[in-house]
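start04.cif (mmCIF, C-alpha atoms)
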```
data_data
loop_
_atom_site.group_PDB
_atom_site.id
_atom_site.type_symbol
_atom_site.label_atom_id
_atom_site.label_comp_id
_atom_site.auth_asym_id
_atom_site.auth_seq_id
_atom_site.Cartn_x
_atom_site.Cartn_y
_atom_site.Cartn_z
ATOM 1 C CA MET A 1 0.000 0.000 0.000
ATOM 2 C CA TRP A 2 2.937 2.341 0.687
ATOM 3 C CA LYS A 3 4.916 3.686 -2.267
ATOM 4 C CA GLU A 4 8.100 5.656 -2.266
ATOM 5 C CA SER A 5 8.239 8.679 -4.573
ATOM 6 C CA ASP A 6 9.816 12.154 -4.380
ATOM 7 C CA ASN A 7 11.769 10.998 -1.323
ATOM 8 C CA LYS A 8 8.542 10.361 0.554
ATOM 9 C CA LEU A 9 6.742 7.235 1.681
ATOM 10 C CA LYS A 10 3.132 7.683 0.586
ATOM 11 C CA ALA A 11 -0.172 5.938 1.210
ATOM 12 C CA THR A 12 -3.884 6.722 1.201
ATOM 13 C CA PHE A 13 -6.447 5.183 3.562
ATOM 14 C CA LYS A 14 -10.245 5.219 3.172
ATOM 15 C CA PHE A 15 -12.828 4.936 5.943
ATOM 16 C CA GLU A 16 -16.596 4.677 6.237
ATOM 17 C CA ASP A 17 -16.984 8.270 7.298
ATOM 18 C CA PHE A 18 -15.260 11.251 8.892
ATOM 19 C CA THR A 19 -15.515 10.095 12.501
ATOM 20 C CA GLN A 20 -13.860 6.762 11.716
ATOM 21 C CA ALA A 21 -11.120 8.571 9.827
ATOM 22 C CA PHE A 22 -10.555 10.933 12.734
ATOM 23 C CA SER A 23 -10.557 8.148 15.341
ATOM 24 C CA PHE A 24 -7.897 6.370 13.281
ATOM 25 C CA MET A 25 -5.959 9.652 13.166
ATOM 26 C CA THR A 26 -6.165 9.928 16.950
ATOM 27 C CA GLU A 27 -4.505 6.576 17.446
ATOM 28 C CA VAL A 28 -1.875 7.409 14.821
ATOM 29 C CA ALA A 29 -1.250 10.701 16.640
ATOM 30 C CA PHE A 30 -0.498 8.858 19.890
ATOM 31 C CA LYS A 31 1.855 6.484 18.123
ATOM 32 C CA ALA A 32 3.632 9.327 16.289
ATOM 33 C CA GLU A 33 4.083 11.211 19.542
ATOM 34 C CA LYS A 34 5.452 8.076 21.192
ATOM 35 C CA LEU A 35 7.943 7.530 18.360
ATOM 36 C CA GLN A 36 8.664 11.283 18.315
ATOM 37 C CA HIS A 37 8.264 11.050 14.562
ATOM 38 C CA HIS A 38 5.293 12.950 13.186
ATOM 39 C CA PRO A 39 3.566 12.475 9.843
ATOM 40 C CA ASP A 40 2.891 14.889 7.035
ATOM 41 C CA TRP A 41 -0.766 14.012 6.624
ATOM 42 C CA HIS A 42 -3.875 15.319 4.963
ATOM 43 C CA ASN A 43 -7.545 14.557 5.552
ATOM 44 C CA VAL A 44 -10.699 15.210 3.577
ATOM 45 C CA TYR A 45 -13.859 13.609 4.944
ATOM 46 C CA ASN A 46 -13.191 9.827 4.926
ATOM 47 C CA THR A 47 -9.723 9.876 3.337
ATOM 48 C CA VAL A 48 -6.327 10.212 5.019
ATOM 49 C CA ASP A 49 -3.113 10.642 2.976
ATOM 50 C CA PHE A 50 0.399 10.326 4.329
ATOM 51 C CA ALA A 51 3.716 11.539 2.926
ATOM 52 C CA LEU A 52 6.391 10.405 5.362
ATOM 53 C CA SER A 53 9.993 11.575 5.376
ATOM 54 C CA THR A 54 12.629 12.381 7.975
ATOM 55 C CA HIS A 55 13.343 16.082 8.337
ATOM 56 C CA ASP A 56 16.505 15.582 10.405
ATOM 57 C CA ALA A 57 17.972 13.337 7.705
ATOM 58 C CA GLY A 58 17.442 15.925 4.960
ATOM 59 C CA ASP A 59 13.832 15.081 4.077
ATOM 60 C CA VAL A 60 14.457 11.590 2.758
ATOM 61 C CA VAL A 61 12.845 8.273 3.670
ATOM 62 C CA THR A 62 14.532 6.527 6.600
ATOM 63 C CA ASP A 63 13.799 3.582 8.860
ATOM 64 C CA LYS A 64 11.873 5.951 11.141
ATOM 65 C CA ASP A 65 9.367 6.445 8.333
ATOM 66 C CA ARG A 66 9.169 2.721 7.649
ATOM 67 C CA GLU A 67 8.534 2.080 11.344
ATOM 68 C CA LEU A 68 5.764 4.687 11.484
ATOM 69 C CA ALA A 69 4.245 3.287 8.258
ATOM 70 C CA HIS A 70 4.249 -0.181 9.807
ATOM 71 C CA GLU A 71 2.481 1.103 12.939
ATOM 72 C CA ILE A 72 -0.076 2.973 10.798
ATOM 73 C CA ASP A 73 -0.831 -0.268 8.950
ATOM 74 C CA LYS A 74 -1.392 -2.074 12.245
ATOM 75 C CA ILE A 75 -3.851 0.597 13.380
ATOM 76 C CA PHE A 76 -5.629 0.610 10.019
ATOM 77 C CA LYS A 77 -6.208 -3.167 10.180
ATOM 78 C CA ARG A 78 -8.986 -2.575 12.692
ATOM 79 C CA TYR A 79 -10.874 -0.347 10.274
ATOM 80 C CA GLU A 80 -10.782 -2.570 7.209
ATOM 81 C CA MET B 1 -22.215 -7.344 28.323
ATOM 82 C CA TRP B 2 -24.502 -4.526 29.482
ATOM 83 C CA LYS B 3 -26.359 -4.933 32.768
ATOM 84 C CA GLU B 4 -29.025 -2.749 34.232
ATOM 85 C CA SER B 5 -28.690 -1.895 37.926
ATOM 86 C CA ASP B 6 -29.465 1.178 40.058
ATOM 87 C CA ASN B 7 -31.373 2.640 37.116
ATOM 88 C CA LYS B 8 -28.218 2.635 35.017
ATOM 89 C CA LEU B 9 -27.057 0.603 32.052
ATOM 90 C CA LYS B 10 -23.526 -0.533 32.906
ATOM 91 C CA ALA B 11 -20.651 -2.163 31.061
ATOM 92 C CA THR B 12 -16.870 -2.383 31.277
ATOM 93 C CA PHE B 13 -14.524 -2.628 28.284
ATOM 94 C CA LYS B 14 -10.861 -3.659 28.306
ATOM 95 C CA PHE B 15 -8.181 -2.695 25.782
ATOM 96 C CA GLU B 16 -4.557 -3.515 25.104
ATOM 97 C CA ASP B 17 -3.337 -0.233 26.491
ATOM 98 C CA PHE B 18 -4.223 3.373 27.251
ATOM 99 C CA THR B 19 -3.943 4.682 23.697
ATOM 100 C CA GLN B 20 -6.337 2.046 22.353
ATOM 101 C CA ALA B 21 -8.759 2.832 25.163
ATOM 102 C CA PHE B 22 -8.572 6.540 24.414
ATOM 103 C CA SER B 23 -8.976 6.055 20.657
ATOM 104 C CA PHE B 24 -12.106 4.029 21.358
ATOM 105 C CA MET B 25 -13.290 6.836 23.648
ATOM 106 C CA THR B 26 -12.737 9.364 20.850
ATOM 107 C CA GLU B 27 -15.031 7.506 18.507
ATOM 108 C CA VAL B 28 -17.623 7.059 21.270
ATOM 109 C CA ALA B 29 -17.387 10.807 21.959
ATOM 110 C CA PHE B 30 -18.258 11.610 18.339
ATOM 111 C CA LYS B 31 -21.195 9.229 18.403
ATOM 112 C CA ALA B 32 -22.452 10.607 21.733
ATOM 113 C CA GLU B 33 -22.244 14.149 20.421
ATOM 114 C CA LYS B 34 -24.129 13.119 17.280
ATOM 115 C CA LEU B 35 -26.871 11.474 19.349
ATOM 116 C CA GLN B 36 -26.777 14.421 21.768
ATOM 117 C CA HIS B 37 -26.725 11.824 24.511
ATOM 118 C CA HIS B 38 -23.540 11.756 26.537
ATOM 119 C CA PRO B 39 -22.218 8.941 28.707
ATOM 120 C CA ASP B 40 -21.260 8.852 32.350
ATOM 121 C CA TRP B 41 -17.917 7.140 31.834
ATOM 122 C CA HIS B 42 -14.732 6.421 33.704
ATOM 123 C CA ASN B 43 -11.277 5.428 32.494
ATOM 124 C CA VAL B 44 -8.212 3.994 34.199
ATOM 125 C CA TYR B 45 -5.385 2.955 31.884
ATOM 126 C CA ASN B 46 -6.845 0.243 29.593
ATOM 127 C CA THR B 47 -10.328 0.051 31.133
ATOM 128 C CA VAL B 48 -13.438 2.077 30.303
ATOM 129 C CA ASP B 49 -16.628 1.826 32.412
ATOM 130 C CA PHE B 50 -20.012 3.196 31.420
ATOM 131 C CA ALA B 51 -23.087 3.950 33.530
ATOM 132 C CA LEU B 52 -25.753 5.202 31.134
ATOM 133 C CA SER B 53 -29.009 6.866 32.134
ATOM 134 C CA THR B 54 -31.205 9.657 30.806
ATOM 135 C CA HIS B 55 -31.081 12.814 32.885
ATOM 136 C CA ASP B 56 -34.112 14.409 31.218
ATOM 137 C CA ALA B 57 -36.227 11.355 32.014
ATOM 138 C CA GLY B 58 -35.363 11.472 35.722
ATOM 139 C CA ASP B 59 -32.100 9.510 35.614
ATOM 140 C CA VAL B 60 -33.549 6.207 34.512
ATOM 141 C CA VAL B 61 -32.614 3.934 31.618
ATOM 142 C CA THR B 62 -34.405 4.818 28.369
ATOM 143 C CA ASP B 63 -34.160 3.850 24.716
ATOM 144 C CA LYS B 64 -31.610 6.632 24.270
ATOM 145 C CA ASP B 65 -29.279 4.699 26.583
ATOM 146 C CA ARG B 66 -29.947 1.443 24.765
ATOM 147 C CA GLU B 67 -29.173 3.134 21.443
ATOM 148 C CA LEU B 68 -25.913 4.583 22.748
ATOM 149 C CA ALA B 69 -24.975 1.197 24.267
ATOM 150 C CA HIS B 70 -25.598 -0.450 20.898
ATOM 151 C CA GLU B 71 -23.372 2.091 19.142
ATOM 152 C CA ILE B 72 -20.654 1.606 21.765
ATOM 153 C CA ASP B 73 -20.753 -2.151 21.125
ATOM 154 C CA LYS B 74 -20.341 -1.585 17.398
ATOM 155 C CA ILE B 75 -17.293 0.620 17.982
ATOM 156 C CA PHE B 76 -15.815 -1.849 20.462
ATOM 157 C CA LYS B 77 -16.052 -4.715 17.960
ATOM 158 C CA ARG B 78 -13.040 -3.300 16.147
ATOM 159 C CA TYR B 79 -10.907 -3.539 19.273
ATOM 160 C CA GLU B 80 -11.719 -7.107 20.281
ATOM 161 C CA MET C 1 -5.982 35.319 8.646
ATOM 162 C CA TRP C 2 -8.144 33.576 6.044
ATOM 163 C CA LYS C 3 -7.540 34.294 2.364
ATOM 164 C CA GLU C 4 -9.586 33.230 -0.605
ATOM 165 C CA SER C 5 -7.677 31.850 -3.574
ATOM 166 C CA ASP C 6 -8.329 29.122 -6.166
ATOM 167 C CA ASN C 7 -11.923 28.948 -4.958
ATOM 168 C CA LYS C 8 -10.755 27.931 -1.514
ATOM 169 C CA LEU C 9 -10.694 29.673 1.848
ATOM 170 C CA LYS C 10 -7.182 29.144 3.202
ATOM 171 C CA ALA C 11 -5.416 29.675 6.508
ATOM 172 C CA THR C 12 -2.444 28.299 8.426
ATOM 173 C CA PHE C 13 -2.263 27.936 12.205
ATOM 174 C CA LYS C 14 0.860 27.369 14.326
ATOM 175 C CA PHE C 15 1.041 25.727 17.751
ATOM 176 C CA GLU C 16 3.650 25.080 20.414
ATOM 177 C CA ASP C 17 3.972 21.434 19.498
ATOM 178 C CA PHE C 18 2.254 18.446 17.907
ATOM 179 C CA THR C 19 -0.010 17.588 20.835
ATOM 180 C CA GLN C 20 -1.418 21.121 20.982
ATOM 181 C CA ALA C 21 -1.976 21.060 17.226
ATOM 182 C CA PHE C 22 -3.767 17.723 17.467
ATOM 183 C CA SER C 23 -5.916 18.792 20.432
ATOM 184 C CA PHE C 24 -6.994 21.834 18.400
ATOM 185 C CA MET C 25 -7.764 19.471 15.487
ATOM 186 C CA THR C 26 -9.913 17.328 17.784
ATOM 187 C CA GLU C 27 -12.114 20.235 18.714
ATOM 188 C CA VAL C 28 -12.320 21.349 15.065
ATOM 189 C CA ALA C 29 -13.295 17.774 14.146
ATOM 190 C CA PHE C 30 -16.240 17.876 16.563
ATOM 191 C CA LYS C 31 -17.376 21.225 15.207
ATOM 192 C CA ALA C 32 -17.038 20.062 11.589
ATOM 193 C CA GLU C 33 -19.056 16.941 12.333
ATOM 194 C CA LYS C 34 -21.734 19.041 14.034
ATOM 195 C CA LEU C 35 -21.945 21.385 11.035
ATOM 196 C CA GLN C 36 -21.737 18.385 8.702
ATOM 197 C CA HIS C 37 -19.164 20.363 6.784
ATOM 198 C CA HIS C 38 -15.679 18.851 6.859
ATOM 199 C CA PRO C 39 -12.380 20.579 6.157
ATOM 200 C CA ASP C 40 -9.654 19.799 3.692
ATOM 201 C CA TRP C 41 -6.804 20.042 6.155
ATOM 202 C CA HIS C 42 -3.148 19.164 6.443
ATOM 203 C CA ASN C 43 -0.871 18.808 9.458
ATOM 204 C CA VAL C 44 2.887 18.618 9.895
ATOM 205 C CA TYR C 45 4.119 18.699 13.490
ATOM 206 C CA ASN C 46 2.897 22.039 14.942
ATOM 207 C CA THR C 47 1.265 23.450 11.793
ATOM 208 C CA VAL C 48 -2.290 22.976 10.518
ATOM 209 C CA ASP C 49 -3.379 24.256 7.071
ATOM 210 C CA PHE C 50 -6.946 24.515 5.856
ATOM 211 C CA ALA C 51 -8.342 24.838 2.346
ATOM 212 C CA LEU C 52 -12.120 25.096 2.699
ATOM 213 C CA SER C 53 -14.630 24.796 -0.113
ATOM 214 C CA THR C 54 -18.092 23.325 -0.572
ATOM 215 C CA HIS C 55 -18.146 20.183 -2.642
ATOM 216 C CA ASP C 56 -21.929 20.182 -3.120
ATOM 217 C CA ALA C 57 -21.803 23.707 -4.531
ATOM 218 C CA GLY C 58 -19.183 22.768 -7.141
ATOM 219 C CA ASP C 59 -16.062 23.226 -5.029
ATOM 220 C CA VAL C 60 -16.380 26.947 -4.480
ATOM 221 C CA VAL C 61 -16.367 28.978 -1.267
ATOM 222 C CA THR C 62 -19.815 29.336 0.312
ATOM 223 C CA ASP C 63 -21.224 30.580 3.602
ATOM 224 C CA LYS C 64 -20.732 27.068 5.005
ATOM 225 C CA ASP C 65 -16.977 27.550 4.619
ATOM 226 C CA ARG C 66 -17.126 31.014 6.175
ATOM 227 C CA GLU C 67 -19.066 29.591 9.115
ATOM 228 C CA LEU C 68 -16.560 26.776 9.632
ATOM 229 C CA ALA C 69 -13.663 29.265 9.331
ATOM 230 C CA HIS C 70 -15.291 31.435 11.983
ATOM 231 C CA GLU C 71 -15.659 28.468 14.330
ATOM 232 C CA ILE C 72 -12.040 27.442 13.714
ATOM 233 C CA ASP C 73 -10.929 30.962 14.671
ATOM 234 C CA LYS C 74 -12.894 30.754 17.910
ATOM 235 C CA ILE C 75 -11.246 27.458 18.803
ATOM 236 C CA PHE C 76 -7.790 28.767 17.880
ATOM 237 C CA LYS C 77 -8.163 31.767 20.204
ATOM 238 C CA ARG C 78 -7.549 29.499 23.165
ATOM 239 C CA TYR C 79 -4.180 28.427 21.779
ATOM 240 C CA GLU C 80 -2.761 31.860 20.965
ATOM 241 C CA MET D 1 -8.130 23.283 43.190
ATOM 242 C CA TRP D 2 -6.586 19.880 43.941
ATOM 243 C CA LYS D 3 -7.298 18.252 47.302
ATOM 244 C CA GLU D 4 -5.762 15.159 48.791
ATOM 245 C CA SER D 5 -8.152 12.685 50.401
ATOM 246 C CA ASP D 6 -8.324 8.882 50.654
ATOM 247 C CA ASN D 7 -4.747 8.727 49.339
ATOM 248 C CA LYS D 8 -5.835 10.370 46.089
ATOM 249 C CA LEU D 9 -5.253 13.787 44.571
ATOM 250 C CA LYS D 10 -8.684 14.987 43.459
ATOM 251 C CA ALA D 11 -10.035 17.831 41.359
ATOM 252 C CA THR D 12 -13.071 18.639 39.226
ATOM 253 C CA PHE D 13 -13.039 20.763 36.081
ATOM 254 C CA LYS D 14 -16.027 22.328 34.313
ATOM 255 C CA PHE D 15 -16.298 23.276 30.641
ATOM 256 C CA GLU D 16 -18.774 25.013 28.361
ATOM 257 C CA ASP D 17 -19.938 21.779 26.816
ATOM 258 C CA PHE D 18 -19.031 18.174 26.061
ATOM 259 C CA THR D 19 -16.773 18.861 23.089
ATOM 260 C CA GLN D 20 -14.639 21.306 25.061
ATOM 261 C CA ALA D 21 -14.408 18.793 27.897
ATOM 262 C CA PHE D 22 -13.359 16.053 25.492
ATOM 263 C CA SER D 23 -10.797 18.230 23.693
ATOM 264 C CA PHE D 24 -9.260 19.016 27.074
ATOM 265 C CA MET D 25 -9.246 15.274 27.813
ATOM 266 C CA THR D 26 -7.440 14.616 24.532
ATOM 267 C CA GLU D 27 -4.594 16.903 25.458
ATOM 268 C CA VAL D 28 -4.435 15.429 28.971
ATOM 269 C CA ALA D 29 -4.322 11.958 27.383
ATOM 270 C CA PHE D 30 -1.252 12.907 25.335
ATOM 271 C CA LYS D 31 0.471 14.328 28.398
ATOM 272 C CA ALA D 32 -0.381 11.268 30.514
ATOM 273 C CA GLU D 33 0.964 8.963 27.830
ATOM 274 C CA LYS D 34 4.140 11.021 27.615
ATOM 275 C CA LEU D 35 4.627 10.873 31.397
ATOM 276 C CA GLN D 36 3.608 7.189 31.347
ATOM 277 C CA HIS D 37 1.364 8.044 34.261
ATOM 278 C CA HIS D 38 -2.338 7.716 33.532
ATOM 279 C CA PRO D 39 -5.235 9.281 35.412
ATOM 280 C CA ASP D 40 -8.252 7.739 37.054
ATOM 281 C CA TRP D 41 -10.794 10.083 35.513
ATOM 282 C CA HIS D 42 -14.509 10.389 35.007
ATOM 283 C CA ASN D 43 -16.557 12.499 32.625
ATOM 284 C CA VAL D 44 -20.220 13.441 32.454
ATOM 285 C CA TYR D 45 -21.141 16.002 29.795
ATOM 286 C CA ASN D 46 -19.113 19.152 30.653
ATOM 287 C CA THR D 47 -17.467 17.894 33.863
ATOM 288 C CA VAL D 48 -14.192 15.986 34.291
ATOM 289 C CA ASP D 49 -13.133 14.559 37.683
ATOM 290 C CA PHE D 50 -9.702 13.234 38.526
ATOM 291 C CA ALA D 51 -8.538 10.962 41.354
ATOM 292 C CA LEU D 52 -4.782 10.575 40.947
ATOM 293 C CA SER D 53 -2.624 8.046 42.746
ATOM 294 C CA THR D 54 0.393 5.909 41.942
ATOM 295 C CA HIS D 55 -0.398 2.233 41.563
ATOM 296 C CA ASP D 56 3.259 1.129 41.639
ATOM 297 C CA ALA D 57 3.779 2.919 44.962
ATOM 298 C CA GLY D 58 0.832 1.131 46.608
ATOM 299 C CA ASP D 59 -1.952 3.493 45.488
ATOM 300 C CA VAL D 60 -0.796 6.553 47.349
ATOM 301 C CA VAL D 61 -0.126 10.090 46.135
ATOM 302 C CA THR D 62 3.422 10.599 44.863
ATOM 303 C CA ASP D 63 5.329 13.282 42.958
ATOM 304 C CA LYS D 64 4.196 11.624 39.730
ATOM 305 C CA ASP D 65 0.630 12.565 40.618
ATOM 306 C CA ARG D 66 1.623 16.110 41.549
ATOM 307 C CA GLU D 67 3.441 16.457 38.232
ATOM 308 C CA LEU D 68 0.429 15.211 36.259
ATOM 309 C CA ALA D 69 -1.868 17.514 38.270
ATOM 310 C CA HIS D 70 0.394 20.449 37.437
ATOM 311 C CA GLU D 71 0.286 19.598 33.728
ATOM 312 C CA ILE D 72 -3.517 19.234 33.855
ATOM 313 C CA ASP D 73 -3.753 22.714 35.383
ATOM 314 C CA LYS D 74 -1.631 24.156 32.585
ATOM 315 C CA ILE D 75 -3.893 22.578 29.951
ATOM 316 C CA PHE D 76 -7.032 23.735 31.752
ATOM 317 C CA LYS D 77 -5.847 27.359 31.802
ATOM 318 C CA ARG D 78 -6.722 27.641 28.120
ATOM 319 C CA TYR D 79 -10.332 26.686 28.808
ATOM 320 C CA GLU D 80 -11.039 29.059 31.686
#
```

Would you put the structure from the file into structure tokens?
Amino acid sequence: MWKESDNKLKATFKFEDFTQAFSFMTEVAFKAEKLQHHPDWHNVYNTVDFALSTHDAGDVVTDKDRELAHEIDKIFKRYE
Amino acid sequence: MWKESDNKLKATFKFEDFTQAFSFMTEVAFKAEKLQHHPDWHNVYNTVDFALSTHDAGDVVTDKDRELAHEIDKIFKRYE
Amino acid sequence: MWKESDNKLKATFKFEDFTQAFSFMTEVAFKAEKLQHHPDWHNVYNTVDFALSTHDAGDVVTDKDRELAHEIDKIFKRYE
Amino acid sequence: MWKESDNKLKATFKFEDFTQAFSFMTEVAFKAEKLQHHPDWHNVYNTVDFALSTHDAGDVVTDKDRELAHEIDKIFKRYE
């Protein structure tokens, strides 16, 4: 589901409605804060897009992004 | 899972950890706000307790509580 | 703070850190759900961008967007 | 605002409505997770009650509770 392009790790997730999308975002927010690695993300209604990269490494994709992507996938599993 | 006692509809839900419990609470909060019927709820770490009743009906259990309980169950299903 | 361009009502808000930004987003999410008018929004760390327009009106700015913008401003006041 | 009784640090906070109360709770949740010290808390509509104690210390009030209480006060300041 994740694709690397423009030095970013990108994916799009779809939900039933806005409140499911935002509840998913809440759990991702906790995980991001725990990892101290925060996403570049975008939401419109039931859709959440991510474009992950590591600022401190010069805005390229690092293992920190892959770890966050993996955690996001685990959270998303509950909404599928 | 829900039991009626003391004119309240009660249930307890367990999660893996605090952040899962709070993400569940976030989705319940949206649903409660939508129904304009808010829970009496209590959280410690991975546990969330509810004691639902309808204030406007004299603090007894009404269909509004049963509807909210049903919605809570649907949200919880994703965390089981 | 809001500017209209490309048929969107746009603004950017800055916070102390990610958790303040996300708490602000949570309250905006409740308001958006109540108005049944959801933002196109984007977050990176302590920054939240909005680009509001009304899909049902052909993706132009309507009073629904101005109302949501006004509510977002009221919520933001607490974080200034 | 905080009072110690029954080996717990207790306080009650009032908000304009449920969504303000829950947005406050969201920010407290992030802080609690960061401190890895989670509250015993209870919400009904616009009211949030806390009863803080430290489980690992035998359910008495410790500096961890005083630190969390201090952080809760800082978050609440924005809602007064």

Using the file's own x, y and z axes, so that the box edges lie along x, y and z, what centre and edge lengths in Å (one decimal) does a box around every listed atom of stretch 70-78 of chain C get when 5 Å is added on each side? Give it as lines of an AutoDock Vina configuration file.
```
center_x = -11.6
center_y = 29.6
center_z = 17.6
size_x = 18.1
size_y = 14.3
size_z = 21.2
```

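Applied to this file, the PyMOL selection byres ((chain C) within 10 of (chain B)) selects Thr26, Ala29, Phe30, Glu33 and Lys34 of chain C.
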
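Note that the spacing between atom CA of D:Ile72 and atom CA of D:Met25 amounts to 9.2 Å.
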
Name the residues within 12 Å of (-2.3, 20.0, 17.4), counting all atoms listed in the file in the file's coordinates, and put them as a PyMOL selection string. (chain A and resi 25-26+29-30+33+38) or (chain C and resi 13-29+42-49+75-76+79) or (chain D and resi 23-24+26-27+30)

Within 6 Å of file point (-7.4, 26.9, 1.7), counting all atoms listed in the file, expressed as an NGL selection string: :C and (8-11 or 50-52)
